[in-house]
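**Student:** Take this structure first; my questions come after.
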Amino acid sequence: MPPTATPTTSATAPAGTTPAAGPGTAAGPETTAGPETTGGPDTVLHAIRTHTRAENPSAFLAMSRRTLAFTAPGLDGVIAYRRAGRYLVQLGGPFAAEDHYGPLLDRFLDHAHAQDLRVVSAQLQRADAEIYARRGFTVNQFGASWVVHLPDFTLQGGRFMRMRNKISRAFRNGLEVSEVPATDHTEAIREIDTNWLRSKGEEARPLEFLVGEIGGPGQAHRRLFVGTIDARPVGYISYSPVYGERAGWMHDLSRRIPESSPGLMEAINSRVIEVLRAEGSQWLHFGFTPFTGLDQANELPGHSPAFQWLMHFLWDQGAALYPAQTQLAYKEKWAPADPIPEYVAFEGDTASLAAFAHIFRACNAF
């Protein structure tokens with residue numbers, strides 16, 4: 001999902017695990033293996049770097065502080081998840097060695113069922129989705145992620161004229177963009193987040209889990225670019241690493257002071273693109289947006305037609321749940337490649353609306 005704000009609420013840990021650390025601590029993902037507790041963020045980082053067969057551009061979200069990581073003795077891999085109500089909400093498929101993928105998933109399902117919980121899996125990639133469908137899950141397209149091939153990228157041409165004008169205006173207004181350590185800008189980030197969230201209305205909540213964060217052990221691997229005007233921080237974009245064949249960076253968490261210059265975020269990202277191209281980076285990912293890129297050709301046998309209809313309905317009418325159209329409009333400004341479909345999987349032969357709602361509950365949407 002596109003970036004929102006720094007997480008502020010804790011997930012409830014399943015029986016047999018220890019709740020992950022709260023804000024401001026250095027603790028990383030909690031790793032559970034039945035009754036045992038094994039490694040933490042190093043275990044997760046190794047898995048998402050090594051087991052990239054699914055090519056999940058959002059895999060680094062598994063490093064979030066309050067996301068749990070399930071492991072099983074003798075199996076090489078992790079499953080990232082959070083508990084929401086009576087559900088374990090899984091991020092992507094297992095990040096596991098090919099021969100251990102199925103057994104690890106089986107152990108995770110046993111772990112959930114032993115607590116009378118159900119599993120719902122979000123942001124599955126196509127390779128994951130096909131496996132889950134073969135194992136009896138009901139699998140539907142949930143949305144899509146978007147990516148730009150940096151060596152081919154240009155802002156030249158009539159298509160980008162309006163955006164070039166906005167970017168130029170931001171720099172004429174005095175914008176300066178710098179890559180900075182997050183630890184040196186804690187107060188500035190908090191001020192930007194507070195102003196951004198206040199502008200969204202009294203009921204707005206900062207999303208988490210399927211969006212990034214700033215801080216924790218994962219911060220050492222992210223990059224933070226801050227925009228300032230007259231030495232005052234007015235916006236930032238955090239970029240997370242992406243592993244696999246489309247290795248590069250993901251435009252992750254982003255915020256701005258609402259009254260700051262038009263074109264601010266576009267200007268920051270354009271400067272970052274210059275930096276990444278100079279470094280030889282190949283891909284800039286823009287992350288997952290639910291309800292977008294929907295296509296009948298992407299659906300798998302056994303999908304739910306009713307749930308498919310719901311996704312199209314939420315694209316048209318679901319802005320109150322998630323502003324998919326606004327998020328996609330920003331991503332399309334950068335002329336991304338064809339959308340990469342992402343999926344949701346429900347246990348059994350029904351696409352459960354309760355399970356679907358708990359994905360958003362895990363994200364702190366309500």
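All residue names refer to the structure tokens as shown: chains lettered A, B, ... in order, residues numbered from 1 in each chain, ligands numbered from 1 in order.
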Extract, using only C-alpha atoms, all DNA, RNA and protein residues at most 8 Å from Arg118 of chain A, discarding same-chain residues fewer than 3 positions from it, and format them as a PyMOL selection string.

**Tutor:** chain A and resi 86-88+109+112-113+347

**Student:** Please tabulate, as CSV, the residues of segment 88-154 of chain A that come within 8 Å of segment 53-69 of chain A, each with its closest pair of atoms and the distance in Å to one decimal, counting only C-alpha atoms and ordering rows by chain, then residue number upward.

**Tutor:**
residue,atom,partner,partner_atom,distance
A:Leu91,CA,A:Ala62,CA,7.2
A:Gly92,CA,A:Asn56,CA,7.3
A:Gly93,CA,A:Ala54,CA,7.9
A:Leu124,CA,A:Asn56,CA,7.7
A:Gln125,CA,A:Ala54,CA,6.0
A:Arg126,CA,A:Ala54,CA,7.3
A:Ala127,CA,A:Ala54,CA,5.5
A:Asp128,CA,A:Ala54,CA,6.3

**Student:** Take the selection from the previous step and output its residues with C-alpha atoms, as an mmCIF file, in the first residue's frame.

**Tutor:**
data_model
loop_
_atom_site.group_PDB
_atom_site.id
_atom_site.type_symbol
_atom_site.label_atom_id
_atom_site.label_comp_id
_atom_site.auth_asym_id
_atom_site.auth_seq_id
_atom_site.Cartn_x
_atom_site.Cartn_y
_atom_site.Cartn_z
ATOM 1 C CA LEU A 91 2.081 -10.092 4.587
ATOM 2 C CA GLY A 92 2.922 -11.786 1.290
ATOM 3 C CA GLY A 93 3.606 -15.485 1.090
ATOM 4 C CA LEU A 124 0.532 -12.216 -2.457
ATOM 5 C CA GLN A 125 2.445 -12.139 -5.717
ATOM 6 C CA ARG A 126 1.348 -14.248 -8.688
ATOM 7 C CA ALA A 127 3.685 -17.134 -7.795
ATOM 8 C CA ASP A 128 2.307 -17.126 -4.239
#

**Student:** Can you work out which one of A:Pro94, A:Pro217, A:Pro323, A:Pro290 has the shortest atom-to-atom distance to Ile340 of chain A, counting only C-alpha atoms?

**Tutor:**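 Result for the nearest residue to Ile340 of chain A: A:Pro290.
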
**Student:** Running DSSP on the backbone, which parts of segment 28-247 of chain A land in strand (DSSP E or B), as a VMD selection string?

**Tutor:** chain A and resid 30 to 33 36 to 37 68 to 70 77 to 84 87 to 96 118 to 124 138 to 149 175 to 180 223 to 229 232 to 242

**Student:** Between atom CA of Leu300 of chain A and atom CA of Ser352 of chain A, what is the distance, to one decimal in Å?

**Tutor:**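 About the pair atom CA of Leu300 of chain A and atom CA of Ser352 of chain A: they are 16.9 Å apart.
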
**Student:** I'd like to know which of A:Asp316, A:Asp76, A:Glu98, A:Glu176 is closest to His46 of chain A, using only C-alpha atoms.

**Tutor:**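 Smallest distance to His46 of chain A is found for A:Asp76.
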
**Student:** So that I can check the surroundings of segment 141-158 of chain A, please list as a PyMOL selection string every protein, DNA and RNA residue that reaches within 8 Å of it, counting only C-alpha atoms and ignoring chain neighbours fewer than 5 positions away.

**Tutor:** chain A and resi 122-123+164+273+277+281-294+298-299+308+311+331+334-344

**Student:** Please, what distance in Å, to one decimal, runs between atom CA of Leu224 of chain A and atom CA of Leu210 of chain A?

**Tutor:** 18.6 Å

**Student:** Which of segment 275-353 of chain A end up as helix (DSSP H, G or I) when DSSP is run on this backbone - answer as an NGL selection string?

**Tutor:** :A and (275-279 or 296-298 or 305-317 or 324-332 or 353)

**Student:** Produce a file of the selected residues containing N, CA, C and O atoms, as a CSV table (one decimal), in the first residue's frame.

**Tutor:**
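New file selection.csv:
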chain,number,residue,atom,x,y,z
A,275,VAL,N,19.7,10.9,-8.1
A,275,VAL,CA,20.6,10.2,-7.3
A,275,VAL,C,20.7,8.7,-7.6
A,275,VAL,O,21.8,8.2,-7.8
A,276,LEU,N,19.6,8.1,-7.7
A,276,LEU,CA,19.5,6.6,-7.9
A,276,LEU,C,20.1,6.3,-9.3
A,276,LEU,O,20.8,5.3,-9.4
A,277,ARG,N,19.8,7.1,-10.3
A,277,ARG,CA,20.3,6.8,-11.6
A,277,ARG,C,21.8,6.9,-11.6
A,277,ARG,O,22.5,6.1,-12.3
A,278,ALA,N,22.3,7.9,-10.9
A,278,ALA,CA,23.8,8.2,-10.9
A,278,ALA,C,24.5,7.0,-10.2
A,278,ALA,O,25.6,6.7,-10.5
A,279,GLU,N,23.8,6.4,-9.3
A,279,GLU,CA,24.3,5.2,-8.5
A,279,GLU,C,24.2,3.9,-9.3
A,279,GLU,O,24.7,2.9,-8.9
A,296,GLN,N,-9.7,-8.9,-15.4
A,296,GLN,CA,-10.2,-10.3,-15.4
A,296,GLN,C,-9.1,-11.3,-15.7
A,296,GLN,O,-9.1,-12.4,-15.2
A,297,ALA,N,-8.2,-10.9,-16.6
A,297,ALA,CA,-7.1,-11.8,-17.0
A,297,ALA,C,-6.2,-12.2,-15.9
A,297,ALA,O,-5.5,-13.2,-15.9
A,298,ASN,N,-6.2,-11.4,-14.8
A,298,ASN,CA,-5.3,-11.7,-13.7
A,298,ASN,C,-6.0,-12.6,-12.7
A,298,ASN,O,-5.2,-13.2,-11.8
A,305,PRO,N,-16.3,-14.4,-7.8
A,305,PRO,CA,-16.9,-13.3,-8.6
A,305,PRO,C,-17.5,-12.2,-7.7
A,305,PRO,O,-17.4,-11.0,-8.1
A,306,ALA,N,-18.0,-12.5,-6.6
A,306,ALA,CA,-18.6,-11.5,-5.7
A,306,ALA,C,-17.5,-10.6,-5.1
A,306,ALA,O,-17.7,-9.3,-5.1
A,307,PHE,N,-16.4,-11.2,-4.7
A,307,PHE,CA,-15.3,-10.4,-4.2
A,307,PHE,C,-14.7,-9.5,-5.3
A,307,PHE,O,-14.3,-8.4,-5.1
A,308,GLN,N,-14.6,-10.1,-6.5
A,308,GLN,CA,-14.1,-9.4,-7.7
A,308,GLN,C,-15.0,-8.1,-7.9
A,308,GLN,O,-14.4,-7.0,-8.2
A,309,TRP,N,-16.3,-8.3,-7.8
A,309,TRP,CA,-17.2,-7.1,-8.0
A,309,TRP,C,-16.9,-6.1,-6.9
A,309,TRP,O,-16.9,-4.9,-7.2
A,310,LEU,N,-16.7,-6.6,-5.7
A,310,LEU,CA,-16.4,-5.7,-4.5
A,310,LEU,C,-15.1,-4.8,-4.8
A,310,LEU,O,-15.1,-3.6,-4.5
A,311,MET,N,-14.1,-5.4,-5.3
A,311,MET,CA,-12.9,-4.7,-5.6
A,311,MET,C,-13.1,-3.6,-6.6
A,311,MET,O,-12.7,-2.4,-6.5
A,312,HIS,N,-13.9,-3.9,-7.7
A,312,HIS,CA,-14.3,-2.8,-8.6
A,312,HIS,C,-15.1,-1.7,-8.0
A,312,HIS,O,-15.0,-0.5,-8.3
A,313,PHE,N,-16.0,-2.1,-7.1
A,313,PHE,CA,-16.9,-1.2,-6.4
A,313,PHE,C,-16.0,-0.2,-5.6
A,313,PHE,O,-16.2,1.0,-5.5
A,314,LEU,N,-15.1,-0.8,-4.8
A,314,LEU,CA,-14.3,0.0,-3.9
A,314,LEU,C,-13.3,0.9,-4.7
A,314,LEU,O,-13.0,2.0,-4.3
A,315,TRP,N,-12.9,0.5,-5.9
A,315,TRP,CA,-12.2,1.4,-6.8
A,315,TRP,C,-13.0,2.7,-7.1
A,315,TRP,O,-12.5,3.8,-7.1
A,316,ASP,N,-14.3,2.4,-7.4
A,316,ASP,CA,-15.2,3.5,-7.8
A,316,ASP,C,-15.7,4.4,-6.6
A,316,ASP,O,-15.7,5.6,-6.6
A,317,GLN,N,-16.0,3.7,-5.5
A,317,GLN,CA,-16.7,4.3,-4.4
A,317,GLN,C,-16.0,4.2,-3.0
A,317,GLN,O,-16.6,4.6,-2.0
A,324,ALA,N,-7.6,5.1,-3.2
A,324,ALA,CA,-6.9,4.4,-4.2
A,324,ALA,C,-6.7,5.3,-5.4
A,324,ALA,O,-5.6,5.3,-6.1
A,325,GLN,N,-7.8,6.0,-5.8
A,325,GLN,CA,-7.7,6.8,-7.1
A,325,GLN,C,-6.6,8.0,-6.9
A,325,GLN,O,-5.9,8.2,-7.8
A,326,THR,N,-6.6,8.6,-5.8
A,326,THR,CA,-5.6,9.6,-5.5
A,326,THR,C,-4.2,9.1,-5.5
A,326,THR,O,-3.3,9.7,-6.1
A,327,GLN,N,-4.0,7.9,-4.9
A,327,GLN,CA,-2.7,7.3,-4.8
A,327,GLN,C,-2.2,6.9,-6.2
A,327,GLN,O,-1.1,7.1,-6.6
A,328,LEU,N,-3.1,6.3,-7.0
A,328,LEU,CA,-2.8,5.9,-8.4
A,328,LEU,C,-2.4,7.1,-9.2
A,328,LEU,O,-1.5,7.0,-10.1
A,329,ALA,N,-3.2,8.2,-9.1
A,329,ALA,CA,-2.9,9.4,-9.9
A,329,ALA,C,-1.5,9.9,-9.7
A,329,ALA,O,-0.8,10.3,-10.7
A,330,TYR,N,-1.0,9.8,-8.5
A,330,TYR,CA,0.4,10.2,-8.2
A,330,TYR,C,1.4,9.2,-8.9
A,330,TYR,O,2.4,9.7,-9.5
A,331,LYS,N,1.1,7.9,-8.7
A,331,LYS,CA,2.0,7.0,-9.3
A,331,LYS,C,2.1,7.0,-10.8
A,331,LYS,O,3.1,6.9,-11.5
A,332,GLU,N,0.9,7.3,-11.4
A,332,GLU,CA,0.9,7.4,-12.9
A,332,GLU,C,1.6,8.6,-13.5
A,332,GLU,O,1.9,8.6,-14.7
A,353,LEU,N,-15.8,-11.6,4.0
A,353,LEU,CA,-15.7,-10.2,4.2
A,353,LEU,C,-15.2,-9.8,5.5
A,353,LEU,O,-14.5,-8.8,5.7

**Student:** Contacts of segment 260-270 of chain A at 6 Å or less, counting only C-alpha atoms, minus same-chain residues fewer than 5 places along, as a list of chain:residue names?

**Tutor:** A:Lys166, A:Ile167, A:Ala170
